[in-house]
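The structure appears below as structure tokens.
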Amino acid sequence: DIEDKMLKLGGVTPRLYSQVLRLAASCNIHTTLSTFSELKAEENEEFRTLELRSKKFVRQPARVMKSHNVVPPRYKRQKVDQDWGNVWPAARTFHPASVPLPVRQGYPASGQVTPDKWGNAELMKIPNFLHLTPPVIKRQCEALKKFCTPWPSGIETAAEQEKYFPVMVSKSTYLHSSPTLRDQKARIVTLRVSLKSLDLDDHGRDKLLRLVKNRHDPTTDCLTIVADRCPLSQQNYDYCFYLLTVLYNESMKTEPWEHEKEVADRERYIWEGSPSQAALQAIIDSNEDSTPEEVIEEYKKVVIDLHNEGEDEPTLSRYRDSVMKLVGLA
Amino acid sequence: MTAVYMTQSWRACSSLRLGHSLFSNGLLRGLHTTQAAHKAQAGRYRVTRNRSKPLTYEMANQPCQIAHRKSWNSWNTTSLYEGLREPETVVDDIFIRKFMTGTWHNLFVSEVIIKRQHNMIRIAGIVQRKIAARKMYFLIGYCEELLSYWLKCPVKLELQTVPDKKDVVYKYI
């Protein structure tokens with residue numbers, strides 16, 4: 001018999017089989033009534049239940065989400081005199097259960113108060129400095145102190161620093177919030193040196209200024225060399241010093257063709273051998289009584305100023321006064 | 001006969017009349033245009049009849065309120081002068097947001113906040129307590145591990161949990 005075989009196969013108990021058949025009946029699946037009734041007789045039921053309609057659908061109760069046990073918030077378990085630096089050691093997004101402060105953030109809705117710290121995304125967005133409270137900063141400074149050395153003696157003032165360390169080299173490093181730490185601008189090296197500390201004579205200084213052109217700042221008398229042509233800052237640093245060395249050596253040398261310098265090439269007006277000097281000499285010679293020395297010196301100085309510093313109100317007025325004195329009208 | 005003229009009334013309607021080409025059988029066919037309606041509808045929610053739509057603080061404040069009542073969700077140095085890697089950061093942010101909302105199924109009740117500091121990425125947000133704490137720990141570790149491999153930098157998750165999503169509702173409209 002098929003049913004016997006099914007029962008013998010194991011795993012199909014009479015009860016399960018009868019349940020399947022009942023389910024089939026409720027689903028209007030055709031079954032052999034004979035087997036059903038045989039099983040019913042086996043289970044010792046007296047009357048068959050006639051089920052014309054399928055069973056009413058019984059709504060199962062809705063699945064209740066288990067409320068998970070939540071640990072009480074941390075601020076209730078904290079001691080008042082705890083070390084806050086251990087609670088908040090590094091920069092962290094605001095966490096309302098750990099911070100014992102009753103902070104509020106946000107624009108209140110009409111009729112409401114400012115939203116509190118629980119479930120407040122605005123408080124989480126903004127950067128907080130809870131990891132940098134004054135005691136923590138003090139502790140960090142104390143820890144850094146052992147890596148610090150005192151400022152060397154003998155170079156306290158700016159003048160001494162300029163004297164012993166005339167060359168100043170500066171370069172910048174850049175930090176971005178990204179996984180890479182490359183920034184092309186970090187290769188730029190700037191070298192600054194005051195021309196007073198380079199022992200140059202007049203010719204050397206003039207030659208150097210012609211070579212460097214606009215890298216020299218006349219107000220501060222500083223030469224600034226910027227190197228960025230090499231990919232690494234170390235290479236640019238070496239290049240800066242190489243340039244400085246070459247500039248100094250070249251300006252100390254005098255090439256033979258430098259004697260071809262003409263009056264128009266001169267960087268400043270020189271009194272000696274100028275037409276003004278010759279004219280003044282003519283005036284002095286034509287003058288009966290000897291002109292005083294200081295008038296001559298003043299005239300010389302004023303003419304030099306007029307040429308070197310340009311024509312403006314003070315220089316012109318001084319020139320006028322000097323000429324008046326020279327001619328004898330003052 | 002080619003009278004080309006344009007009349008523009010002060011109301012938002014103007015009609016363009018071409019004399020010759022559209023003139024046939026004594027009828028004029030005109031082209032009516034309106035002035036551009038400069039409407040903004042980004043990030044704005046429609047009011048319901050019975051005030052049933054819940055809004056978080058983020059949703060209630062429109063994009064014009066950023067830097068006034070709202071803050072940014074993404075903090076990095078890319079938009080500063082000569083900041084590097086701006087497009088890559090934007091794409092990474094989009095990916096992180098999709099990944100987080102997809103991994104935490106229906107659990108985020110706020111926007112995903114992404115902060116970049118040095119070479120670290122710190123992801124913050126508010127999460128519902130619908131799943132057990134153990135599952136949360138697993139998800140946190142999973143997200144941190146996989147994101148750090150994909151984005152090539154340390155990733156830290158700093159989440160806040162809320163018992164019910166009604167706790168983040170700011171107002172109903």
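By convention in this document, the chains of the structure tokens carry letters A, B, ... by their order, each chain's residues are numbered from 1, and ligands are numbered from 1 in the order they are shown.
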Using 9 Å as the limit and counting only C-alpha atoms, can you tabulate each residue of chain B that touches chain A, with its shortest atom-to-atom distance in Å and the two atoms involved, as CSV?
```
residue,atom,partner,partner_atom,distance
B:Tyr57,CA,A:Gly106,CA,8.0
B:Glu58,CA,A:Ala121,CA,8.0
B:Arg69,CA,A:Tyr107,CA,6.3
B:Lys70,CA,A:Glu122,CA,7.0
B:Ser71,CA,A:Glu122,CA,6.5
B:Trp72,CA,A:Lys125,CA,6.9
B:Asn73,CA,A:Lys125,CA,6.4
B:Ser74,CA,A:Lys125,CA,8.3
B:Trp75,CA,A:Lys125,CA,8.4
B:Asn76,CA,A:Ser177,CA,5.9
B:Thr77,CA,A:Ser177,CA,5.7
B:Thr78,CA,A:Ser177,CA,7.6
B:Gly83,CA,A:His176,CA,7.1
B:Leu84,CA,A:His176,CA,7.2
B:Arg85,CA,A:Ser178,CA,7.4
B:Thr89,CA,A:Ser178,CA,8.0
B:Ser110,CA,A:Ala121,CA,6.8
B:Glu111,CA,A:Ala121,CA,8.0
B:Ile113,CA,A:Lys125,CA,6.5
B:Ile114,CA,A:Lys125,CA,8.4
B:Lys115,CA,A:Lys125,CA,8.2
B:Arg116,CA,A:Ser177,CA,5.5
B:Gln117,CA,A:Ser177,CA,5.2
B:His118,CA,A:Ser177,CA,4.6
B:Asn119,CA,A:Pro179,CA,4.8
B:Met120,CA,A:Ser177,CA,7.6
B:Ile121,CA,A:Ser177,CA,8.6
B:Arg122,CA,A:Thr93,CA,8.2
B:Ile123,CA,A:Thr93,CA,8.7
B:Ala124,CA,A:Thr93,CA,6.9
B:Gly125,CA,A:Ala121,CA,7.0
B:Ile126,CA,A:Gly119,CA,6.6
B:Arg129,CA,A:His68,CA,7.7
B:Lys130,CA,A:Met65,CA,7.5
B:Ile131,CA,A:His68,CA,7.8
B:Ala132,CA,A:His68,CA,6.2
B:Ala133,CA,A:His68,CA,7.8
B:Leu151,CA,A:Pro179,CA,8.2
B:Lys152,CA,A:Pro179,CA,6.8
B:Cys153,CA,A:Pro179,CA,5.8
B:Pro154,CA,A:Pro179,CA,8.9
B:Glu158,CA,A:Thr93,CA,6.3
B:Leu159,CA,A:His95,CA,8.2
B:Gln160,CA,A:His95,CA,6.6
B:Thr161,CA,A:Gly119,CA,7.6
B:Val162,CA,A:Gly119,CA,6.4
B:Pro163,CA,A:Ser67,CA,8.9
B:Asp167,CA,A:Gly119,CA,6.6
B:Val168,CA,A:Gly119,CA,5.5
B:Tyr170,CA,A:Ala109,CA,7.2
B:Lys171,CA,A:Ala109,CA,6.9
```
key: Picked from chain B by DSSP as alpha helix (DSSP H), as a PyMOL selection string   = chain B and resi 57-60+86-103+133-151
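Our summary of the geometry notes that atom CA of Ser286 of chain A is positioned 12.9 Å from atom CA of Gly328 of chain A.
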message = Would you pick out the contacts of Val263 of chain A at 10 Å or less, using only C-alpha atoms, so that residues sharing its chain but fewer than 6 positions from it are not included, and give the list as an MDAnalysis selection string?
response = chainID A and resid 269:270 274
Would you output that residue set with N, CA and C atoms, as a short mmCIF file (atom, residue, chain, number, x, y, z; two decimals), in the first residue's frame?
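Result file follows (again25.cif):
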```
data_model
loop_
_atom_site.label_atom_id
_atom_site.label_comp_id
_atom_site.auth_asym_id
_atom_site.auth_seq_id
_atom_site.Cartn_x
_atom_site.Cartn_y
_atom_site.Cartn_z
N TYR A 269 74.61 108.69 -10.86
CA TYR A 269 75.34 109.85 -11.37
C TYR A 269 76.63 110.04 -10.56
N ILE A 270 77.71 110.21 -11.29
CA ILE A 270 79.03 110.44 -10.63
C ILE A 270 79.46 111.85 -10.97
N SER A 274 82.03 115.04 -14.75
CA SER A 274 80.75 115.32 -15.39
C SER A 274 80.74 116.74 -15.95
#
```
